[in-house]
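Data block below; observations after.
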Number of protein chains: 2
Amino acid sequence: MIIENGSIVSPKGFRASGVACGIKKTSAPDVALIVSEVPATCAATFTRNLVKGHSLQMSMRHIEGGLAKAFLINSGNANACVGPQGDRDAAAAAQRLATRLDCPVEQILFNSTGVIGIPLPIDKLLEGIDRAAASLSGDEAAGHAAEAAIMTTDTIPKEVTVSFVKDGQTVTVSGMAKGSGMIHPDMATMIGVLTTDCAVDAAVLQDTLRKAIASTFNRVTIDGDTSVCDMVAVLANGQAGNHRITTPDPDLMEAFYTVCEALSRMIAKDGEGATKLIEVKVLHARSPEDAYRIALSVAKSPLVKTMIFGEDANWGRILTAVGYAGANFDPAKCDIRIGGLEMCHNGAAVAFDEEVAKTMLAGDEIPIEIDLNEGTDWDRFWTCDFTYDYVKINGSYRT
Amino acid sequence: MIIENGSIVSPKGFRASGVACGIKKTSAPDVALIVSEVPATCAATFTRNLVKGHSLQMSMRHIEGGLAKAFLINSGNANACVGPQGDRDAAAAAQRLATRLDCPVEQILFNSTGVIGIPLPIDKLLEGIDRAAASLSGDEAAGHAAEAAIMTTDTIPKEVTVSFVKDGQTVTVSGMAKGSGMIHPDMATMIGVLTTDCAVDAAVLQDTLRKAIASTFNRVTIDGDTSVCDMVAVLANGQAGNHRITTPDPDLMEAFYTVCEALSRMIAKDGEGATKLIEVKVLHARSPEDAYRIALSVAKSPLVKTMIFGEDANWGRILTAVGYAGANFDPAKCDIRIGGLEMCHNGAAVAFDEEVAKTMLAGDEIPIEIDLNEGTDWDRFWTCDFTYDYVKINGSYRT
């Protein structure tokens with residue numbers, strides 16, 4: 001598996017663009033378009049929030065057809081909770097792009113991210129779609145432009161490309177994503193796009209995506225909030241020339257996992273206002289569920305997250321979050337290590353070098369290990385610290 | 001039911017004190033003592049966190065005797081997660097107080113709140129217990145001193161006194177509590193003490209306490225974190241002279257509820273770094289569980305809480321939190337009102353006066369109503385906004 005520079009157009013047969021149409025108050029790009037030369041096999045996961053954006057709801061219907069020519073994304077407005085107008089706007093945007101690309105409207109996936117409850121400025125968006133379609137390109141820079149156009153409060157772009165050889169042909173998988181607030185597992189957690197030139201059956205594609213997401217995007221939590229627009233979609237256009245994959249494939253699985261894990265870490269590290277990436281690992285749990293609950297509980301705790309921001313080795317808060325996770329474990333067997341430094345052994349404090357702790361906590365990636373010393377199961381979550389800037393960003397998002 | 005000025009010693013036959021013994025780095029008071037002249041019938045609820053402080057664990061054993069002469073509380077150190085030394089220190093503190101008060105050690109309740117994982121400075125505490133016992137008084141000011149000595153990051157004292165007439169006798173119920181971080185329901189959520197001179201059976205006392213807490217302290221969330229030292233205890237010494245209550249009593253229930261509700265609102269309003277009290281009310285749900293889940297989900301959402309801090313009428317975040325609550329409801333029937341102002345009707349935006357919203361959001365108590373328009377069940381949570389100061393307080397708690 002080779003990790004390389006690239007962008008969402010690195011797999012063969014994809015073009016992309018990113019333009020500004022004025023949905024965002026700043027003049028930042030807000031319309032992203034990714035197009036496959038031939039209709040691609042597609043798969044996707046969607047938010048489990050009962051409230052769903054109008055654009056996303058349309059995509060849930062379109063995905064049932066199994067083929068997608070393009071994925072259109074606007075940022076700056078979520079097209080959510082605006083009533084029937086939201087459905088009409090989603091349909092109008094998809095129809096306009098289908099006309100420009102000369103494909104059935106059902107082959108258009110569309111999603112919107114941004115503020116909720118305000119109708120889309122549809123005229124601006126339609127004009128933006130025209131320009132995005134006219135400026136499609138297979139150059140690497142076009143992929144970067146598409147990524148830039150889906151960013152909201154993200155501070156860094158999130159793009160990964162890997163490749164492997166299959167049947168003598170190079171198969172490439174690329175991914176891009178946006179964070180960076182309202183991030184929480186089990187609901188796809190953000191907007192992510194994967195492209196690949198791999199030839200693969202729809203069922204295998206869906207299964208591979210689902211498995212990759214389960215242990216990557218679904219293990220990121222920024223604030224416990226889940227958006228109404230979360231969606232990860234993959235377009236596989238078969239242009240690599242490999243024999244069509246019809247059963248689960250370890251190489252494809254590894255490629256998807258590598259892309260999704262790298263994007264997940266980028267999302268956690270770029271969480272709203274974040275200064276540090278936190279990896280919470282739970283070891284030797286009695287069951288997978290116990291490991292999951294404890295990892296999630298610690299990763300969600302505002303007290304743990306502010307403590308890491310403050311670079312304070314207050315491990316008692318970690319044990320506290322372990323204790324209320326609703327998991328089965330024996331507190332008297334629990335060890336806690338931060339940055340490899342043991343601070344709690346068998347549920348009680350152990351002396352540690354405060355200077356070593358200080359230096360370690362000043363780093364920008366903080367691994368927390370909770371060793372339950374009971375069973376064989378483990379799990380892991382990525383999150384970030386909780387900072388003044390999170391409050392600042394979210395105290396004035398709409399206005 | 002008359003609400004009056006007073007303190008924890010307002011019921012007949014109680015004395016209290018608060019002294020500084022040097023556990024806190026500041027010279028603030030850190031030892032609180034509440035003593036009943038005669039052994040009191042007692043009841044308590046304890047944290048459901050699997051990790052429990054050593055002082056609290058001892059109190060869980062002592063409460064089984066059903067009688068308490070005194071409740072001792074130290075702040076500044078939680079006496080938690082320090083191994084067998086923590087149990088020995090708890091026993092030594094209780095024994096010292098029992099000797100001073102000439103009562104069985106089993107009649108001493110003891111709890112500790114503060115930093116986790118550092119052994120109690122037991123010599124300082126024992127000396128503090130001696131002075132606290134020597135300075136006991138029935139004056140109202142002595143009750144205030146006890147309250148001051150249990151405060152940690154609290155900025156205002158939390159005390160309530162009510163009285164009613166029973167069998168021609170005035171019965172008084174007083175309560176005091178500390179917040180103000182690591183606050184979450186179903187685990188008693190904080191340290192609270194109730195005293196009453198009511199004559200009442202142990203079973204009725206426990207049942208009345210449990211019911212009052214269910215709809216008050218268990219409906220407060222500050223940050224979703226639950227401490228290892230949470231405990232609410234009531235001492236009922238029977239000195240009012242009423243006939244002993246042996247069956248559930250509406251007056252006593254109302255008194256307990258009034259005291260606990262007032263303390264709950266104070267805790268929410270004084271949440272760490274808080275500038276506003278938020279009341280989240282869910283109306284017309286299909287079931288009590290749906291109402292509970294939705295109220296909790298909205299009250300816990302960092303995005304909702306930062307939005308209220310920023311005085312931003314971004315109601316979409318409220319609907320988003322309703323959507324991921326795991327409750328059954330129809331988004332298309334949901335109305336949302338903030339401060340009485342409808343912003344969402346039938347799941348979609350409605351126009352509202354931004355100026356009116358601005359003025360309303362500038363207030364210090366923000367009611368949020370989520371009307372599901374489906375059933376007859378309702379629930380309510382209190383919380384506070386999420387601010388820069390929460391991050392500041394919790395980024396440097398230990399150091």
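Just so we're on the same page: first chain in the structure tokens is A, next is B, and so on; residues restart at 1 for each chain, and ligands are numbered from 1 in the order they show up.
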
query: Among segment 102-289 of chain B, which ones does DSSP place in strand (DSSP E), written as a PyMOL selection string?
result: chain B and resi 108-115+158-166+169-178+191-196+231-236+277-285

Those residues you just picked out, can you put them in a file as a CSV table (one decimal), in the first residue's frame with N, CA and C atoms?
chain,number,residue,atom,x,y,z
B,108,ILE,N,-21.4,8.4,62.1
B,108,ILE,CA,-20.7,9.5,61.4
B,108,ILE,C,-20.8,9.3,59.9
B,109,LEU,N,-21.4,10.2,59.2
B,109,LEU,CA,-21.3,10.2,57.7
B,109,LEU,C,-20.1,11.2,57.3
B,110,PHE,N,-19.4,10.8,56.3
B,110,PHE,CA,-18.2,11.5,55.9
B,110,PHE,C,-18.1,11.5,54.4
B,111,ASN,N,-17.9,12.7,53.8
B,111,ASN,CA,-17.6,12.7,52.4
B,111,ASN,C,-16.5,13.8,52.1
B,112,SER,N,-15.9,13.6,51.0
B,112,SER,CA,-14.7,14.4,50.6
B,112,SER,C,-14.9,14.8,49.1
B,113,THR,N,-14.6,16.1,48.8
B,113,THR,CA,-14.7,16.5,47.4
B,113,THR,C,-13.5,17.4,47.1
B,114,GLY,N,-13.0,17.1,45.9
B,114,GLY,CA,-11.8,17.9,45.4
B,114,GLY,C,-11.0,17.1,44.5
B,115,VAL,N,-9.7,17.3,44.5
B,115,VAL,CA,-8.8,16.6,43.6
B,115,VAL,C,-8.7,15.1,43.9
B,158,LYS,N,-25.3,27.9,48.2
B,158,LYS,CA,-26.6,27.4,47.8
B,158,LYS,C,-27.3,26.8,49.1
B,159,GLU,N,-28.2,27.6,49.6
B,159,GLU,CA,-28.9,27.2,50.8
B,159,GLU,C,-30.4,27.6,50.6
B,160,VAL,N,-31.3,26.7,51.1
B,160,VAL,CA,-32.7,26.9,51.0
B,160,VAL,C,-33.3,26.4,52.3
B,161,THR,N,-34.3,27.1,52.8
B,161,THR,CA,-35.1,26.7,54.0
B,161,THR,C,-36.6,26.9,53.8
B,162,VAL,N,-37.3,25.9,54.1
B,162,VAL,CA,-38.8,26.0,54.0
B,162,VAL,C,-39.4,25.4,55.3
B,163,SER,N,-40.6,25.9,55.6
B,163,SER,CA,-41.3,25.3,56.7
B,163,SER,C,-42.8,25.1,56.5
B,164,PHE,N,-43.4,24.2,57.2
B,164,PHE,CA,-44.8,24.0,57.1
B,164,PHE,C,-45.3,23.6,58.5
B,165,VAL,N,-46.6,23.6,58.7
B,165,VAL,CA,-47.2,23.2,60.0
B,165,VAL,C,-47.7,21.8,60.0
B,166,LYS,N,-47.4,21.0,61.0
B,166,LYS,CA,-47.8,19.6,61.0
B,166,LYS,C,-48.3,19.3,62.5
B,169,GLN,N,-47.4,21.9,64.9
B,169,GLN,CA,-46.0,22.2,65.1
B,169,GLN,C,-45.4,22.6,63.8
B,170,THR,N,-44.4,23.6,63.9
B,170,THR,CA,-43.7,24.0,62.8
B,170,THR,C,-42.6,23.0,62.4
B,171,VAL,N,-42.7,22.5,61.2
B,171,VAL,CA,-41.6,21.6,60.7
B,171,VAL,C,-40.8,22.3,59.7
B,172,THR,N,-39.5,22.3,59.9
B,172,THR,CA,-38.6,23.0,59.0
B,172,THR,C,-37.7,22.0,58.2
B,173,VAL,N,-37.5,22.3,57.0
B,173,VAL,CA,-36.5,21.5,56.1
B,173,VAL,C,-35.5,22.5,55.5
B,174,SER,N,-34.3,22.2,55.7
B,174,SER,CA,-33.2,23.1,55.1
B,174,SER,C,-32.3,22.2,54.2
B,175,GLY,N,-31.7,22.9,53.2
B,175,GLY,CA,-30.8,22.2,52.4
B,175,GLY,C,-29.6,23.0,52.0
B,176,MET,N,-28.5,22.4,51.8
B,176,MET,CA,-27.4,23.1,51.2
B,176,MET,C,-26.7,22.2,50.2
B,177,ALA,N,-26.0,22.8,49.3
B,177,ALA,CA,-25.4,22.0,48.3
B,177,ALA,C,-24.1,22.7,47.7
B,178,LYS,N,-23.3,21.8,47.1
B,178,LYS,CA,-22.2,22.4,46.3
B,178,LYS,C,-22.3,21.9,44.9
B,191,ILE,N,-22.7,17.2,46.1
B,191,ILE,CA,-22.9,16.9,47.5
B,191,ILE,C,-24.0,17.8,48.0
B,192,GLY,N,-25.0,17.2,48.6
B,192,GLY,CA,-26.1,17.9,49.1
B,192,GLY,C,-26.4,17.4,50.5
B,193,VAL,N,-26.8,18.3,51.4
B,193,VAL,CA,-27.2,17.9,52.8
B,193,VAL,C,-28.6,18.5,53.0
B,194,LEU,N,-29.5,17.7,53.5
B,194,LEU,CA,-30.8,18.2,54.0
B,194,LEU,C,-30.9,17.9,55.5
B,195,THR,N,-31.4,18.9,56.3
B,195,THR,CA,-31.7,18.6,57.7
B,195,THR,C,-33.2,18.9,57.9
B,196,THR,N,-33.8,18.2,58.8
B,196,THR,CA,-35.2,18.5,59.1
B,196,THR,C,-35.4,18.1,60.6
B,231,MET,N,-23.2,12.6,46.5
B,231,MET,CA,-23.9,12.1,47.6
B,231,MET,C,-24.9,13.2,48.1
B,232,VAL,N,-26.2,12.8,48.3
B,232,VAL,CA,-27.1,13.6,49.0
B,232,VAL,C,-27.6,12.9,50.2
B,233,ALA,N,-27.5,13.5,51.4
B,233,ALA,CA,-28.0,12.9,52.6
B,233,ALA,C,-28.9,13.8,53.4
B,234,VAL,N,-29.9,13.2,54.0
B,234,VAL,CA,-30.8,13.9,54.9
B,234,VAL,C,-30.8,13.4,56.3
B,235,LEU,N,-30.8,14.3,57.3
B,235,LEU,CA,-30.8,13.9,58.7
B,235,LEU,C,-32.2,14.5,59.2
B,236,ALA,N,-33.0,13.6,59.8
B,236,ALA,CA,-34.3,14.0,60.4
B,236,ALA,C,-34.3,13.6,61.8
B,277,LEU,N,-28.6,30.5,33.1
B,277,LEU,CA,-29.4,29.2,33.4
B,277,LEU,C,-30.2,28.9,32.2
B,278,ILE,N,-30.2,27.6,31.8
B,278,ILE,CA,-31.0,27.2,30.7
B,278,ILE,C,-32.0,26.1,31.2
B,279,GLU,N,-33.2,26.3,30.9
B,279,GLU,CA,-34.2,25.3,31.2
B,279,GLU,C,-34.7,24.7,29.9
B,280,VAL,N,-34.5,23.4,29.8
B,280,VAL,CA,-35.0,22.7,28.6
B,280,VAL,C,-36.2,21.9,28.9
B,281,LYS,N,-37.3,22.3,28.3
B,281,LYS,CA,-38.6,21.6,28.6
B,281,LYS,C,-39.1,20.9,27.3
B,282,VAL,N,-39.4,19.6,27.4
B,282,VAL,CA,-40.0,18.9,26.3
B,282,VAL,C,-41.4,18.6,26.6
B,283,LEU,N,-42.3,19.0,25.7
B,283,LEU,CA,-43.7,18.8,25.9
B,283,LEU,C,-44.4,17.9,24.8
B,284,HIS,N,-45.5,17.2,25.2
B,284,HIS,CA,-46.3,16.4,24.3
B,284,HIS,C,-45.5,15.3,23.6
B,285,ALA,N,-44.7,14.6,24.4
B,285,ALA,CA,-43.9,13.5,23.9
B,285,ALA,C,-44.8,12.2,23.9

- request: In Å, rounded to a single decimal, give me how far atom CA of Asn346 of chain B is from atom CA of Met190 of chain A.
  value: 26.0 Å

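DSSP secondary structure from the backbone places Ile122, Asp123, Lys124, Leu125, Leu126, Glu127, Gly128, Ile129, Asp130, Arg131, Ala132, Ala133, Ala134, Glu140, Ala141, Ala142, Gly143, His144, Ala145, Ala146, Glu147, Ala148, Ala149 and Ile150 of chain A of segment 112-158 of chain A in helix (DSSP H, G or I).
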
task: May I have the residues within 7 Å of segment 117-133 of chain B as a ChimeraX atom specification, using only C-alpha atoms and disregarding those fewer than 2 positions away in the same chain?
output: /A:316,348-349 /B:17-23,31,33,77,79-82,86,89,93,96-97,100,115,135-136

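Each of B:Pro302, B:Gly273, B:Pro288, B:Gly310 was compared to Lys392 of chain B using only C-alpha atoms, and B:Gly273 turns out to be the nearest.
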
- prompt: Out of A:Gly271, A:Pro157, A:Pro331, A:Gly241, which residue has the shortest atom-to-atom distance to chain B when counting only C-alpha atoms?
  reply: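 Closest to chain B of all the choices is A:Pro331.
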
- request: Could you check how far atom CA of Gly375 of chain A sits from atom CA of Gly340 of chain A, in Å to one decimal?
  value: 20.6 Å

field: Residue among B:Phe386, B:Phe329, B:Phe309, B:Phe217 lying closest to Thr47 of chain B, counting only C-alpha atoms
entry: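 For Thr47 of chain B, the nearest of the given residues is B:Phe217.
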
query: Pick from B:Cys198, B:Ala274, B:Ala141, B:Ile336: nearest to Tyr388 of chain B, with only C-alpha atoms counted?
result: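 Once distances to Tyr388 of chain B are computed over only C-alpha atoms, the minimum belongs to B:Ala274.
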
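Atom CA of Ala148 of chain A lies 10.9 Å from atom CA of Asn74 of chain A.
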